Every structure is written in C-alpha cells, then in structure tokens.
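Q: One file: target36.pdb (PDB, C-alpha atoms, pLDDT in the B column).
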```
ATOM      1  CA  MET A 240       2.436   1.589  -9.277  1.00 87.00           C
ATOM      2  CA  ILE A 241       4.408  -0.210  -6.580  1.00 92.00           C
ATOM      3  CA  GLY A 242       2.546   1.707  -3.885  1.00 94.00           C
ATOM      4  CA  ILE A 243      -0.825   0.668  -5.260  1.00 95.00           C
ATOM      5  CA  LEU A 244       0.303  -2.963  -5.382  1.00 95.00           C
ATOM      6  CA  LEU A 245       1.483  -2.820  -1.765  1.00 95.00           C
ATOM      7  CA  ILE A 246      -1.847  -1.376  -0.672  1.00 96.00           C
ATOM      8  CA  ALA A 247      -3.853  -3.988  -2.581  1.00 96.00           C
ATOM      9  CA  ILE A 248      -1.753  -6.924  -1.397  1.00 95.00           C
ATOM     10  CA  GLY A 249      -1.771  -5.691   2.184  1.00 96.00           C
ATOM     11  CA  LEU A 250      -5.539  -5.234   2.252  1.00 96.00           C
ATOM     12  CA  VAL A 251      -6.540  -8.461   0.559  1.00 97.00           C
ATOM     13  CA  ALA A 252      -3.994 -10.778   2.157  1.00 96.00           C
ATOM     14  CA  GLY A 253      -4.092  -9.061   5.550  1.00 95.00           C
ATOM     15  CA  PHE A 254      -7.843  -9.272   6.010  1.00 96.00           C
ATOM     16  CA  THR A 255      -7.917 -12.789   4.598  1.00 96.00           C
ATOM     17  CA  LEU A 256      -5.390 -13.884   7.206  1.00 96.00           C
ATOM     18  CA  LEU A 257      -7.401 -12.132   9.912  1.00 95.00           C
ATOM     19  CA  LEU A 258     -10.436 -14.168   8.933  1.00 96.00           C
ATOM     20  CA  LEU A 259      -8.308 -17.327   9.089  1.00 95.00           C
ATOM     21  CA  ASP A 260      -7.136 -16.447  12.644  1.00 94.00           C
ATOM     22  CA  GLN A 261      -3.497 -15.993  11.645  1.00 94.00           C
ATOM     23  CA  ASP A 262      -3.150 -12.680  13.422  1.00 91.00           C
ATOM     24  CA  ASP A 263       0.650 -12.333  13.521  1.00 93.00           C
ATOM     25  CA  GLU A 264       1.033 -12.682   9.760  1.00 94.00           C
ATOM     26  CA  ALA A 265      -2.007 -10.480   9.166  1.00 95.00           C
ATOM     27  CA  ILE A 266      -0.535  -7.641  11.218  1.00 95.00           C
ATOM     28  CA  THR A 267       2.659  -7.833   9.185  1.00 94.00           C
ATOM     29  CA  LEU A 268       0.778  -7.560   5.907  1.00 94.00           C
ATOM     30  CA  LEU A 269      -1.556  -4.843   7.176  1.00 95.00           C
ATOM     31  CA  SER A 270       1.443  -2.805   8.280  1.00 95.00           C
ATOM     32  CA  ILE A 271       2.682  -2.462   4.668  1.00 96.00           C
ATOM     33  CA  ILE A 272      -0.436  -0.473   3.715  1.00 96.00           C
ATOM     34  CA  PRO A 273       0.891   2.864   5.077  1.00 96.00           C
ATOM     35  CA  VAL A 274       4.160   2.266   3.219  1.00 96.00           C
ATOM     36  CA  GLY A 275       2.136   1.889   0.030  1.00 96.00           C
ATOM     37  CA  PHE A 276       0.352   5.175   0.698  1.00 97.00           C
ATOM     38  CA  VAL A 277       3.662   6.963   1.258  1.00 97.00           C
ATOM     39  CA  LEU A 278       5.126   5.567  -1.968  1.00 96.00           C
ATOM     40  CA  THR A 279       1.993   6.496  -3.909  1.00 96.00           C
ATOM     41  CA  LEU A 280       1.938  10.023  -2.519  1.00 96.00           C
ATOM     42  CA  GLY A 281       5.665  10.445  -3.128  1.00 96.00           C
ATOM     43  CA  GLY A 282       5.378   9.237  -6.710  1.00 94.00           C
ATOM     44  CA  LEU A 283       2.392  11.450  -7.413  1.00 93.00           C
ATOM     45  CA  THR A 284       4.164  14.484  -5.976  1.00 94.00           C
ATOM     46  CA  ALA A 285       7.361  13.752  -7.895  1.00 93.00           C
ATOM     47  CA  THR A 286       5.537  13.453 -11.209  1.00 91.00           C
ATOM     48  CA  GLN A 287       3.645  16.677 -10.632  1.00 91.00           C
ATOM     49  CA  LEU A 288       6.740  18.629  -9.634  1.00 91.00           C
ATOM     50  CA  SER A 289       8.869  17.315 -12.513  1.00 90.00           C
ATOM     51  CA  ARG A 290       6.302  18.162 -15.176  1.00 82.00           C
ATOM     52  CA  PRO A 291       7.573  20.637 -17.766  1.00 82.00           C
ATOM     53  CA  ASP A 292       5.888  24.028 -17.786  1.00 74.00           C
ATOM     54  CA  ASN A 293       3.870  24.788 -20.903  1.00 66.00           C
TER      55      ASN A 293
END
```
Written as structure tokens, that's how I'd like the structure from this file.

A:
Amino acid sequence: MIGILLIAIGLVAGFTLLLLDQDDEAITLLSIIPVGFVLTLGGLTATQLSRPDN
C-alpha cells in the first residue's frame, strides 16, 4: 500500500511541478517512483511466499 502511494504521489506531484517549471523539486518527487515500485514488488513477493500451503 505504501508503494502504491509513493508511485501515485510521485507521478501526480512530479509532473505537476514539471508543468509549473519547478524542475528541481519535480526531479526529487519523480525519483521516489522507483522506490515505490520496489516496495510494491517486495510486498507482493513477501505475501505470495508467506502464504500457507493448502
């Protein structure tokens, strides 16, 4: 859930700041998107591996 929030915030706020010509802040926010993907992938993998076998 945190990963998805990081991706959404990074995309929306980052591209909004790019349109407002605030490039330095936009780059900072856009750089959190890969972190969100890593957290999402890690969480998905952890939940699949910790599932009990039926």

Q: Just say which residues the PyMOL selection byres ((chain A and resi 240) around 12) picks in this file, as a CSV table (one decimal) with C-alpha atoms, keeping the file's coordinate frame.

A:
```
chain,number,residue,atom,x,y,z
A,241,ILE,CA,4.4,-0.2,-6.6
A,242,GLY,CA,2.5,1.7,-3.9
A,243,ILE,CA,-0.8,0.7,-5.3
A,244,LEU,CA,0.3,-3.0,-5.4
A,245,LEU,CA,1.5,-2.8,-1.8
A,246,ILE,CA,-1.8,-1.4,-0.7
A,247,ALA,CA,-3.9,-4.0,-2.6
A,275,GLY,CA,2.1,1.9,0.0
A,276,PHE,CA,0.4,5.2,0.7
A,277,VAL,CA,3.7,7.0,1.3
A,278,LEU,CA,5.1,5.6,-2.0
A,279,THR,CA,2.0,6.5,-3.9
A,280,LEU,CA,1.9,10.0,-2.5
A,281,GLY,CA,5.7,10.4,-3.1
A,282,GLY,CA,5.4,9.2,-6.7
A,283,LEU,CA,2.4,11.4,-7.4
```

Q: Suppose you want the space between atom CA of Ile271 of chain A and atom CA of Gly249 of chain A; what is it in Å?

A: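 Pair atom CA of Ile271 of chain A / atom CA of Gly249 of chain A returns 6.0 Å.
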
Q: What's the separation between atom CA of Phe254 of chain A and atom CA of Ile266 of chain A, in Å to one decimal place?

A: 9.1 Å

Q: At most 6 Å from (-3.8, -9.9, 5.5), file frame, all atoms listed in the file: which residues, as an MDAnalysis selection string?

A: chainID A and resid 249:256 265 268:269

Q: Between atom CA of Ile248 of chain A and atom CA of Glu264 of chain A, what is the distance, to one decimal in Å?

A: 12.9 Å

Q: Just save segment 242-278 of chain A with C-alpha atoms, as a short mmCIF file (atom, residue, chain, number, x, y, z; two decimals), in the first residue's frame.

A:
```cif
data_model
loop_
_atom_site.label_atom_id
_atom_site.label_comp_id
_atom_site.auth_asym_id
_atom_site.auth_seq_id
_atom_site.Cartn_x
_atom_site.Cartn_y
_atom_site.Cartn_z
CA GLY A 242 4.49 1.62 -2.52
CA ILE A 243 1.34 2.45 -4.45
CA LEU A 244 1.01 5.73 -2.56
CA LEU A 245 4.62 6.66 -3.33
CA ILE A 246 4.08 5.95 -7.01
CA ALA A 247 0.86 7.97 -7.15
CA ILE A 248 2.27 10.93 -5.23
CA GLY A 249 5.47 10.93 -7.26
CA LEU A 250 3.63 10.85 -10.59
CA VAL A 251 0.98 13.44 -9.84
CA ALA A 252 3.10 15.91 -7.89
CA GLY A 253 6.21 15.39 -10.01
CA PHE A 254 4.56 16.07 -13.35
CA THR A 255 2.56 18.94 -11.88
CA LEU A 256 5.77 20.59 -10.73
CA LEU A 257 7.32 19.99 -14.15
CA LEU A 258 4.45 21.86 -15.74
CA LEU A 259 4.98 24.70 -13.25
CA ASP A 260 8.71 24.91 -14.18
CA GLN A 261 9.92 23.84 -10.74
CA ASP A 262 12.31 21.26 -12.11
CA ASP A 263 14.49 20.62 -9.03
CA GLU A 264 11.54 19.71 -6.82
CA ALA A 265 9.95 17.71 -9.64
CA ILE A 266 13.05 15.56 -10.07
CA THR A 267 13.04 14.81 -6.36
CA LEU A 268 9.43 13.66 -6.44
CA LEU A 269 9.85 11.72 -9.68
CA SER A 270 12.81 9.88 -8.17
CA ILE A 271 10.59 8.29 -5.48
CA ILE A 272 8.62 6.38 -8.14
CA PRO A 273 11.20 3.56 -8.48
CA VAL A 274 11.27 3.23 -4.69
CA GLY A 275 7.51 2.74 -4.78
CA PHE A 276 7.86 0.02 -7.41
CA VAL A 277 10.48 -1.78 -5.32
CA LEU A 278 8.30 -1.64 -2.20
#
```
